[in-house]
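The structure appears below as structure tokens.
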Amino acid sequence: MSTLPDATSVANWARQTSEGDHRNAENLANYLRSLLVKRFGQLGLNAEESQELAQECLIDVLQNLAKFDSERSAIATWVSGFARTSIRSWRRREYGRRTSEITYDVAPEVAVPDSTIERMENSFGSSLLKLNVIDRELLHMRFNLGLSFDEIAERANMTSVNARKRLSRAVDRLRRDPELREVMGLETSAI
């Protein structure tokens, strides 16, 4: 006898849970988690990565559970779409992290004189002062406090898309500041 529930039971659990009846929500979550872990394993992730990504993906699946239509597809097929999207995002993140990461034994040790650091700090401070007060506050929330775009948007009373765009523009203005580029030894003509 199989310990896996049949597709009809799982579809009923999904319907019940999306309607607010949480009697079988834990059974549904456990089934979906095991399904996602298995799917991520099939897509080439190791056990630890599969577990971690399955947990992230499960949250997304449960938030969108009301959109599941058992007449159109089986829940396993529907969840596989979330798995494919999650693994694509995960691979992009991992690729970006691995290409930008310099290992400790490879990173060159370069002595920087204290006067240069002081000039950089002063230049950066004056470049920040050229920005709008709101932009400076958004930069502080993102880079000093480490808040996500959603958290920033909530605190600044704006949408996360607007927060992301505004932060991107502020960072771009800092990158283009000729004084800051000069003190960092970057070409000012590359602006």
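For the structure tokens, the naming scheme is as follows: chains receive sequential letters (A, B, ...) according to their order of presentation, residues are indexed from 1 within each chain, and ligands are indexed from 1 in presentation order.
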
Worksheet item: In range 42-164 of chain A, what's helix (DSSP H, G or I) per DSSP? Answer as a ChimeraX atom specification?
Response: /A:42,47-63,65-67,75-100,114-129,133-144,149-156,160-164

Worksheet item: Counting only C-alpha atoms, what is within 9 Å of Ser80 in chain A, bar same-chain residues fewer than 3 positions away, as an NGL selection string?
Response: :A and (35-36 or 39 or 75-77 or 83-85)

Practice prompt. Mind checking which residues fall within 8 Å of Met184 in chain A, counting only C-alpha atoms, ignoring those fewer than 3 positions away in the same chain, and posting them as a VMD selection string?
Written response: chain A and resid 120 180 to 181

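Closest approach to Glu56 in chain A from the set A:His22, A:Ser86, A:Phe40, A:Met158 is made by A:Ser86, with distances taken over only C-alpha atoms.
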
Asp60 in chain A: which residues within 12 Å, counting only C-alpha atoms, same-chain residues fewer than 6 positions away excluded, as a PDB file with N, CA and C atoms, in the first residue's frame?
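Dumped everything to part-v7.pdb:
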ATOM      1  N   ALA A  29       0.969  20.687   2.783  1.00  0.00           N
ATOM      2  CA  ALA A  29       2.306  21.289   2.791  1.00  0.00           C
ATOM      3  C   ALA A  29       3.388  20.210   2.783  1.00  0.00           C
ATOM      4  N   LEU A  32       3.462  18.666  -0.735  1.00  0.00           N
ATOM      5  CA  LEU A  32       4.059  19.583  -1.710  1.00  0.00           C
ATOM      6  C   LEU A  32       5.563  19.729  -1.491  1.00  0.00           C
ATOM      7  N   ARG A  33       5.980  19.789  -0.226  1.00  0.00           N
ATOM      8  CA  ARG A  33       7.408  19.906   0.079  1.00  0.00           C
ATOM      9  C   ARG A  33       8.165  18.692  -0.459  1.00  0.00           C
ATOM     10  N   LEU A  36       8.355  18.895  -4.213  1.00  0.00           N
ATOM     11  CA  LEU A  36       9.333  19.893  -4.660  1.00  0.00           C
ATOM     12  C   LEU A  36      10.763  19.406  -4.456  1.00  0.00           C
ATOM     13  N   LEU A  53      15.560  25.260  -1.322  1.00  0.00           N
ATOM     14  CA  LEU A  53      14.773  25.847  -2.404  1.00  0.00           C
ATOM     15  C   LEU A  53      13.321  25.387  -2.336  1.00  0.00           C
ATOM     16  N   ALA A  54      13.081  24.162  -1.899  1.00  0.00           N
ATOM     17  CA  ALA A  54      11.711  23.658  -1.761  1.00  0.00           C
ATOM     18  C   ALA A  54      10.942  24.487  -0.742  1.00  0.00           C
ATOM     19  N   ALA A  66      -4.973  29.575  -4.295  1.00  0.00           N
ATOM     20  CA  ALA A  66      -6.334  29.895  -4.755  1.00  0.00           C
ATOM     21  C   ALA A  66      -6.424  29.881  -6.282  1.00  0.00           C
ATOM     22  N   LYS A  67      -5.296  30.009  -6.968  1.00  0.00           N
ATOM     23  CA  LYS A  67      -5.286  30.028  -8.431  1.00  0.00           C
ATOM     24  C   LYS A  67      -5.268  28.621  -9.028  1.00  0.00           C
ATOM     25  N   VAL A  79       2.494  22.512  -9.656  1.00  0.00           N
ATOM     26  CA  VAL A  79       3.622  22.818  -8.766  1.00  0.00           C
ATOM     27  C   VAL A  79       4.946  22.744  -9.525  1.00  0.00           C
ATOM     28  N   GLY A  81       5.564  23.840 -12.413  1.00  0.00           N
ATOM     29  CA  GLY A  81       5.789  25.158 -13.011  1.00  0.00           C
ATOM     30  C   GLY A  81       6.480  26.098 -12.033  1.00  0.00           C
ATOM     31  N   PHE A  82       6.056  26.063 -10.781  1.00  0.00           N
ATOM     32  CA  PHE A  82       6.701  26.876  -9.750  1.00  0.00           C
ATOM     33  C   PHE A  82       8.145  26.419  -9.547  1.00  0.00           C
ATOM     34  N   ALA A  83       8.348  25.104  -9.592  1.00  0.00           N
ATOM     35  CA  ALA A  83       9.693  24.554  -9.401  1.00  0.00           C
ATOM     36  C   ALA A  83      10.626  25.022 -10.509  1.00  0.00           C
ATOM     37  N   THR A  85      10.393  27.721 -12.388  1.00  0.00           N
ATOM     38  CA  THR A  85      10.656  29.152 -12.217  1.00  0.00           C
ATOM     39  C   THR A  85      11.647  29.383 -11.079  1.00  0.00           C
ATOM     40  N   SER A  86      11.459  28.674  -9.974  1.00  0.00           N
ATOM     41  CA  SER A  86      12.352  28.837  -8.822  1.00  0.00           C
ATOM     42  C   SER A  86      13.772  28.417  -9.136  1.00  0.00           C
TER      43      SER A  86
END

Residues within 10 Å of Leu139 in chain A, only C-alpha atoms, excluding chain neighbours under 3 positions, as a PDB file with C-alpha atoms, in the first residue's frame:
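Output file part_18.pdb is given in full below:
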ATOM      1  CA  LEU A 128      25.736  61.490  -1.053  1.00  0.00           C
ATOM      2  CA  VAL A 133      17.034  63.370   1.148  1.00  0.00           C
ATOM      3  CA  ILE A 134      14.589  60.587   0.251  1.00  0.00           C
ATOM      4  CA  ASP A 135      17.163  58.896  -1.983  1.00  0.00           C
ATOM      5  CA  ARG A 136      19.741  59.033   0.806  1.00  0.00           C
ATOM      6  CA  ARG A 142      19.013  49.170   1.585  1.00  0.00           C
ATOM      7  CA  PHE A 143      22.767  49.180   2.239  1.00  0.00           C
ATOM      8  CA  ASN A 144      23.153  50.021   5.946  1.00  0.00           C
ATOM      9  CA  LEU A 145      20.087  48.260   7.332  1.00  0.00           C
ATOM     10  CA  GLY A 146      20.026  45.529   4.665  1.00  0.00           C
ATOM     11  CA  LEU A 147      16.271  45.761   4.079  1.00  0.00           C
ATOM     12  CA  ILE A 152      11.801  49.538   2.086  1.00  0.00           C
ATOM     13  CA  ALA A 163      11.584  51.721  -4.389  1.00  0.00           C
ATOM     14  CA  ARG A 166      14.463  55.005  -7.155  1.00  0.00           C
ATOM     15  CA  LEU A 167      17.345  53.136  -5.516  1.00  0.00           C
ATOM     16  CA  SER A 168      18.709  52.116  -8.889  1.00  0.00           C
ATOM     17  CA  ALA A 170      20.380  56.937  -6.877  1.00  0.00           C
ATOM     18  CA  VAL A 171      23.146  54.332  -7.196  1.00  0.00           C
TER      19      VAL A 171
END
